[in-house]
$ cat work_38.csv   # CSV, C-alpha atoms
chain,number,residue,atom,x,y,z
A,264,MET,CA,5.0,10.8,14.8
A,265,ILE,CA,4.9,10.6,11.1
A,266,PHE,CA,2.2,7.9,10.9
A,267,LYS,CA,-1.0,7.6,12.8
A,268,GLU,CA,-2.2,4.6,14.8
A,269,ASP,CA,-5.3,2.9,13.3
A,270,SER,CA,-7.4,-0.2,13.8
A,271,ILE,CA,-6.2,-3.3,12.1
A,272,SER,CA,-9.7,-4.7,12.1
A,273,LYS,CA,-11.0,-1.6,10.4
A,274,THR,CA,-8.3,-1.7,7.8
A,275,ILE,CA,-9.0,-5.4,7.0
A,276,ILE,CA,-12.8,-4.8,6.7
A,277,LEU,CA,-12.5,-1.6,4.6
A,278,CYS,CA,-10.0,-3.3,2.2
A,279,MET,CA,-12.4,-6.1,1.6
A,280,LEU,CA,-15.6,-4.0,1.4
A,281,THR,CA,-14.0,-1.5,-1.1
A,282,MET,CA,-12.5,-4.3,-3.3
A,283,GLY,CA,-9.0,-2.8,-2.7
A,284,GLY,CA,-10.0,0.8,-2.8
A,285,TYR,CA,-9.1,1.4,0.8
A,286,PHE,CA,-5.7,-0.3,0.2
A,287,ILE,CA,-5.0,2.4,-2.4
A,288,TYR,CA,-6.2,5.1,0.0
A,289,LYS,CA,-3.9,3.8,2.8
A,290,LEU,CA,-0.9,3.7,0.5
A,291,TYR,CA,-1.8,7.2,-0.6
A,292,LYS,CA,-2.0,8.4,3.0
A,293,PHE,CA,1.3,6.7,3.9
A,294,SER,CA,3.0,8.2,0.9
A,295,GLU,CA,1.5,11.7,1.7
A,296,GLN,CA,2.9,11.5,5.2
A,297,ILE,CA,6.3,10.3,3.9
A,298,ASN,CA,6.5,13.1,1.4
A,299,LYS,CA,5.4,15.8,3.9
A,300,LYS,CA,7.6,14.8,6.8
A,301,THR,CA,10.7,13.2,5.4
A,302,GLU,CA,13.3,13.5,2.7
A,303,PHE,CA,12.4,10.0,1.3
A,304,LYS,CA,9.9,11.2,-1.3
A,305,ILE,CA,7.7,9.0,-3.4
A,306,PRO,CA,7.1,10.7,-6.8
A,307,LYS,CA,3.6,12.2,-7.1
A,308,ILE,CA,3.5,11.3,-10.8
A,309,PHE,CA,4.1,7.7,-9.9
A,310,ILE,CA,1.3,7.8,-7.3
A,311,THR,CA,-1.1,9.4,-9.8
A,312,ILE,CA,-0.3,6.9,-12.6
A,313,THR,CA,-0.7,4.0,-10.1
A,314,ILE,CA,-4.1,5.2,-8.8
A,315,ALA,CA,-5.3,5.7,-12.4
A,316,LEU,CA,-4.1,2.2,-13.5
A,317,PHE,CA,-5.7,0.6,-10.4
A,318,SER,CA,-9.0,2.4,-11.1
A,319,LEU,CA,-9.1,1.5,-14.8
A,320,SER,CA,-8.1,-2.1,-14.0
A,321,LEU,CA,-10.9,-2.4,-11.4
A,322,ILE,CA,-13.5,-1.0,-13.8
A,323,THR,CA,-12.4,-3.2,-16.7
A,324,LEU,CA,-12.3,-6.3,-14.5
A,325,THR,CA,-15.7,-5.5,-13.1
A,326,ILE,CA,-17.1,-5.1,-16.6
A,327,GLY,CA,-15.4,-8.3,-17.7
A,328,LEU,CA,-16.8,-10.3,-14.9
A,329,SER,CA,-20.3,-8.9,-15.5
A,330,HIS,CA,-20.1,-10.2,-19.0
A,331,LEU,CA,-18.6,-13.5,-18.0
A,332,PRO,CA,-20.0,-15.7,-20.8
A,333,GLU,CA,-18.3,-13.3,-23.2
A,334,ARG,CA,-14.7,-14.1,-22.1
A,335,GLU,CA,-13.1,-11.7,-24.7
A,336,VAL,CA,-14.0,-8.7,-22.5
A,337,LEU,CA,-12.4,-10.2,-19.4
A,338,ILE,CA,-9.3,-11.5,-21.3
A,339,SER,CA,-8.7,-8.1,-22.9
A,340,SER,CA,-8.6,-6.5,-19.5
A,341,LEU,CA,-5.9,-8.9,-18.1
A,342,GLY,CA,-3.0,-6.9,-19.7
A,343,LEU,CA,-4.2,-3.7,-17.9
A,344,HIS,CA,-4.6,-5.6,-14.7
A,345,LEU,CA,-1.1,-7.0,-14.9
A,346,LEU,CA,0.4,-3.5,-15.6
A,347,SER,CA,-1.7,-2.2,-12.7
A,348,SER,CA,-0.4,-5.0,-10.4
A,349,VAL,CA,3.2,-4.2,-11.3
A,350,PHE,CA,2.7,-0.5,-10.3
A,351,ASP,CA,0.8,-1.5,-7.1
A,352,ILE,CA,3.7,-3.8,-6.1
A,353,SER,CA,6.3,-1.2,-6.9
A,354,TRP,CA,4.3,1.3,-4.7
A,355,ILE,CA,4.1,-1.1,-1.8
A,356,LEU,CA,7.8,-1.7,-2.0
A,357,MET,CA,8.5,2.0,-2.1
A,358,VAL,CA,6.4,2.7,1.0
A,359,ARG,CA,7.9,-0.3,2.8
A,360,ASN,CA,11.5,0.6,2.0
A,361,ARG,CA,10.9,4.2,3.2
A,362,MET,CA,9.1,3.1,6.3
A,363,ASN,CA,12.2,1.0,7.2
A,364,LEU,CA,14.4,3.9,6.5
A,365,ILE,CA,12.3,6.2,8.6
A,366,SER,CA,12.2,3.8,11.5
A,367,GLY,CA,15.9,3.0,11.2
A,368,ALA,CA,15.0,-0.6,11.7
A,369,LYS,CA,17.4,-3.3,10.5
A,370,LYS,CA,16.6,-6.8,9.2
A,371,GLY,CA,15.4,-9.0,12.0
A,372,GLU,CA,14.5,-6.2,14.4
A,373,PRO,CA,10.9,-6.0,15.7
A,374,LEU,CA,10.2,-2.7,13.9
A,375,TRP,CA,11.5,-3.8,10.5
A,376,LEU,CA,8.9,-4.5,7.8
A,377,ASP,CA,9.6,-8.0,6.5
A,378,PRO,CA,9.3,-8.1,2.6
A,379,PHE,CA,7.4,-11.4,2.6
A,380,LYS,CA,4.8,-10.3,5.1
A,381,THR,CA,4.5,-6.9,3.4
A,382,SER,CA,3.9,-8.7,0.0
A,383,LEU,CA,1.1,-10.8,1.5
A,384,LEU,CA,-0.6,-8.4,3.8
A,385,HIS,CA,0.3,-5.0,2.3
A,386,VAL,CA,-1.2,-2.0,4.2
A,387,ILE,CA,-2.6,-4.3,7.0
A,388,TYR,CA,0.9,-5.4,7.9
A,389,MET,CA,2.2,-1.8,7.5
A,390,GLN,CA,-0.5,-0.5,9.8
A,391,HIS,CA,0.3,-3.2,12.4
A,392,LYS,CA,4.0,-2.1,12.4
A,393,ILE,CA,3.0,1.5,12.7
A,394,ASN,CA,0.9,0.6,15.7
A,395,LEU,CA,3.9,-1.2,17.2
A,396,TRP,CA,6.0,1.9,16.6
A,397,HIS,CA,3.5,3.8,18.7
A,398,LYS,CA,3.3,1.2,21.5
A,399,GLN,CA,7.1,1.0,21.7
A,400,GLY,CA,7.4,4.8,21.6
A,401,ALA,CA,9.8,4.5,18.7
A,402,ILE,CA,11.5,7.7,17.7
A,403,LEU,CA,11.2,8.0,13.9
A,404,ARG,CA,13.4,10.2,11.8
A,405,THR,CA,11.8,13.2,10.2
$ encode --input "work_38.csv" --output "structure tokens"
Amino acid sequence: MIFKEDSISKTIILCMLTMGGYFIYKLYKFSEQINKKTEFKIPKIFITITIALFSLSLITLTIGLSHLPEREVLISSLGLHLLSSVFDISWILMVRNRMNLISGAKKGEPLWLDPFKTSLLHVIYMQHKINLWHKQGAILRT
């Protein structure tokens, strides 16, 4: 199997406790597995830029929120946060699309990753589908 089973509860808790850091870690691990075991590569430079933007955005938002009466700091970080969000969403879509290619699932099939659910639940939904792949003994293309 390309992807490993993992606890959904653990994924939810760690995503919340790390303020999204675990979300980035899971996307990185999924991307690493995709890049090692399939021909559907996700560019490493894109991954690196996205992680850097997420980190900078988190730092600037934290600083901005800690200086809340001074709104200028928070407002100045919003552009970076928006850029980071665009990269995060693009990465989520890349991973989702490749997971659908790997599983061979078509729209409406149980193993297919729905774009709306992926947009809302990100790596939690992806991990849920991976766990389903394992339960159903799905043969994934490598």
$ residues_around --input "work_38.csv" --residues "Leu343 (chain A)" --least-positions-apart "3" --cutoff "9 Å" --atoms "only C-alpha atoms" --output "ChimeraX atom specification"
/A:316-317,319-320,323,339-340,346-348
$ residues_around --input "work_38.csv" --residues "Ile308 (chain A)" --least-positions-apart "6" --cutoff "12 Å" --atoms "all atoms listed in the file" --output "list in words"
Ile314, Ala315, Phe350 and Trp354 of chain A
$ residues_near_point --input "work_38.csv" --point "(2.4, 2.5, 13.9)" --cutoff "9 Å" --atoms "only C-alpha atoms" --output "list in words"
Met264, Ile265, Phe266, Lys267, Glu268, Asp269, Met389, Gln390, His391, Lys392, Ile393, Asn394, Leu395, Trp396, His397 and Lys398 of chain A
$ atom_distance --input "work_38.csv" --atom1 "CA of Pro373 (chain A)" --atom2 "CA of His385 (chain A)"
17.1 Å
$ closest_residue --input "work_38.csv" --among "A:Ile297, A:Phe286, A:Thr274, A:Asp351" --to "Ile312 (chain A)" --atoms "all atoms listed in the file"
A:Asp351
$ atom_distance --input "work_38.csv" --atom1 "CA of Ser318 (chain A)" --atom2 "CA of Leu345 (chain A)"
12.9 Å
$ build_atoms --input "work_38.csv" --residues "region 283-309 of chain A" --atoms "N, CA and C atoms" --output "PDB file, keeping the file's coordinate frame"
ATOM      1  N   GLY A 283     -10.375  -3.327  -2.528  1.00  0.00           N
ATOM      2  CA  GLY A 283      -9.000  -2.800  -2.700  1.00  0.00           C
ATOM      3  C   GLY A 283      -8.902  -1.316  -2.702  1.00  0.00           C
ATOM      4  N   GLY A 284     -10.011  -0.619  -2.784  1.00  0.00           N
ATOM      5  CA  GLY A 284     -10.000   0.800  -2.800  1.00  0.00           C
ATOM      6  C   GLY A 284      -9.346   1.435  -1.566  1.00  0.00           C
ATOM      7  N   TYR A 285      -9.658   0.851  -0.426  1.00  0.00           N
ATOM      8  CA  TYR A 285      -9.100   1.400   0.800  1.00  0.00           C
ATOM      9  C   TYR A 285      -7.587   1.073   0.899  1.00  0.00           C
ATOM     10  N   PHE A 286      -7.170  -0.010   0.295  1.00  0.00           N
ATOM     11  CA  PHE A 286      -5.700  -0.300   0.200  1.00  0.00           C
ATOM     12  C   PHE A 286      -5.018   0.799  -0.529  1.00  0.00           C
ATOM     13  N   ILE A 287      -5.573   1.267  -1.630  1.00  0.00           N
ATOM     14  CA  ILE A 287      -5.000   2.400  -2.400  1.00  0.00           C
ATOM     15  C   ILE A 287      -5.008   3.651  -1.555  1.00  0.00           C
ATOM     16  N   TYR A 288      -6.126   3.903  -0.873  1.00  0.00           N
ATOM     17  CA  TYR A 288      -6.200   5.100   0.000  1.00  0.00           C
ATOM     18  C   TYR A 288      -5.163   5.066   1.064  1.00  0.00           C
ATOM     19  N   LYS A 289      -4.960   3.917   1.728  1.00  0.00           N
ATOM     20  CA  LYS A 289      -3.900   3.800   2.800  1.00  0.00           C
ATOM     21  C   LYS A 289      -2.544   4.039   2.217  1.00  0.00           C
ATOM     22  N   LEU A 290      -2.250   3.443   1.076  1.00  0.00           N
ATOM     23  CA  LEU A 290      -0.900   3.700   0.500  1.00  0.00           C
ATOM     24  C   LEU A 290      -0.750   5.154   0.144  1.00  0.00           C
ATOM     25  N   TYR A 291      -1.823   5.790  -0.337  1.00  0.00           N
ATOM     26  CA  TYR A 291      -1.800   7.200  -0.600  1.00  0.00           C
ATOM     27  C   TYR A 291      -1.485   8.023   0.638  1.00  0.00           C
ATOM     28  N   LYS A 292      -2.195   7.704   1.714  1.00  0.00           N
ATOM     29  CA  LYS A 292      -2.000   8.400   3.000  1.00  0.00           C
ATOM     30  C   LYS A 292      -0.590   8.210   3.523  1.00  0.00           C
ATOM     31  N   PHE A 293      -0.096   6.971   3.465  1.00  0.00           N
ATOM     32  CA  PHE A 293       1.300   6.700   3.900  1.00  0.00           C
ATOM     33  C   PHE A 293       2.263   7.509   3.079  1.00  0.00           C
ATOM     34  N   SER A 294       2.059   7.515   1.760  1.00  0.00           N
ATOM     35  CA  SER A 294       3.000   8.200   0.900  1.00  0.00           C
ATOM     36  C   SER A 294       2.896   9.744   1.124  1.00  0.00           C
ATOM     37  N   GLU A 295       1.714  10.250   1.358  1.00  0.00           N
ATOM     38  CA  GLU A 295       1.500  11.700   1.700  1.00  0.00           C
ATOM     39  C   GLU A 295       2.305  12.034   2.945  1.00  0.00           C
ATOM     40  N   GLN A 296       2.203  11.197   3.958  1.00  0.00           N
ATOM     41  CA  GLN A 296       2.900  11.500   5.200  1.00  0.00           C
ATOM     42  C   GLN A 296       4.416  11.368   5.016  1.00  0.00           C
ATOM     43  N   ILE A 297       4.863  10.402   4.231  1.00  0.00           N
ATOM     44  CA  ILE A 297       6.300  10.300   3.900  1.00  0.00           C
ATOM     45  C   ILE A 297       6.781  11.511   3.197  1.00  0.00           C
ATOM     46  N   ASN A 298       6.035  11.958   2.184  1.00  0.00           N
ATOM     47  CA  ASN A 298       6.500  13.100   1.400  1.00  0.00           C
ATOM     48  C   ASN A 298       6.423  14.415   2.146  1.00  0.00           C
ATOM     49  N   LYS A 299       5.508  14.571   3.082  1.00  0.00           N
ATOM     50  CA  LYS A 299       5.400  15.800   3.900  1.00  0.00           C
ATOM     51  C   LYS A 299       6.463  15.903   4.956  1.00  0.00           C
ATOM     52  N   LYS A 300       6.798  14.760   5.543  1.00  0.00           N
ATOM     53  CA  LYS A 300       7.600  14.800   6.800  1.00  0.00           C
ATOM     54  C   LYS A 300       8.975  14.202   6.686  1.00  0.00           C
ATOM     55  N   THR A 301       9.375  13.733   5.499  1.00  0.00           N
ATOM     56  CA  THR A 301      10.700  13.200   5.400  1.00  0.00           C
ATOM     57  C   THR A 301      11.336  13.580   4.045  1.00  0.00           C
ATOM     58  N   GLU A 302      12.616  13.269   3.920  1.00  0.00           N
ATOM     59  CA  GLU A 302      13.300  13.500   2.700  1.00  0.00           C
ATOM     60  C   GLU A 302      13.197  12.337   1.704  1.00  0.00           C
ATOM     61  N   PHE A 303      12.559  11.266   2.125  1.00  0.00           N
ATOM     62  CA  PHE A 303      12.400  10.000   1.300  1.00  0.00           C
ATOM     63  C   PHE A 303      11.167  10.080   0.456  1.00  0.00           C
ATOM     64  N   LYS A 304      11.144  10.974  -0.500  1.00  0.00           N
ATOM     65  CA  LYS A 304       9.900  11.200  -1.300  1.00  0.00           C
ATOM     66  C   LYS A 304       9.570  10.072  -2.235  1.00  0.00           C
ATOM     67  N   ILE A 305       8.269   9.937  -2.434  1.00  0.00           N
ATOM     68  CA  ILE A 305       7.700   9.000  -3.400  1.00  0.00           C
ATOM     69  C   ILE A 305       7.133   9.952  -4.520  1.00  0.00           C
ATOM     70  N   PRO A 306       7.577   9.812  -5.778  1.00  0.00           N
ATOM     71  CA  PRO A 306       7.100  10.700  -6.800  1.00  0.00           C
ATOM     72  C   PRO A 306       5.608  10.790  -6.971  1.00  0.00           C
ATOM     73  N   LYS A 307       5.077  12.011  -6.970  1.00  0.00           N
ATOM     74  CA  LYS A 307       3.600  12.200  -7.100  1.00  0.00           C
ATOM     75  C   LYS A 307       3.102  11.693  -8.432  1.00  0.00           C
ATOM     76  N   ILE A 308       3.892  11.827  -9.476  1.00  0.00           N
ATOM     77  CA  ILE A 308       3.500  11.300 -10.800  1.00  0.00           C
ATOM     78  C   ILE A 308       3.306   9.824 -10.763  1.00  0.00           C
ATOM     79  N   PHE A 309       4.197   9.140 -10.061  1.00  0.00           N
ATOM     80  CA  PHE A 309       4.100   7.700  -9.900  1.00  0.00           C
ATOM     81  C   PHE A 309       2.815   7.320  -9.184  1.00  0.00           C
TER      82      PHE A 309
END
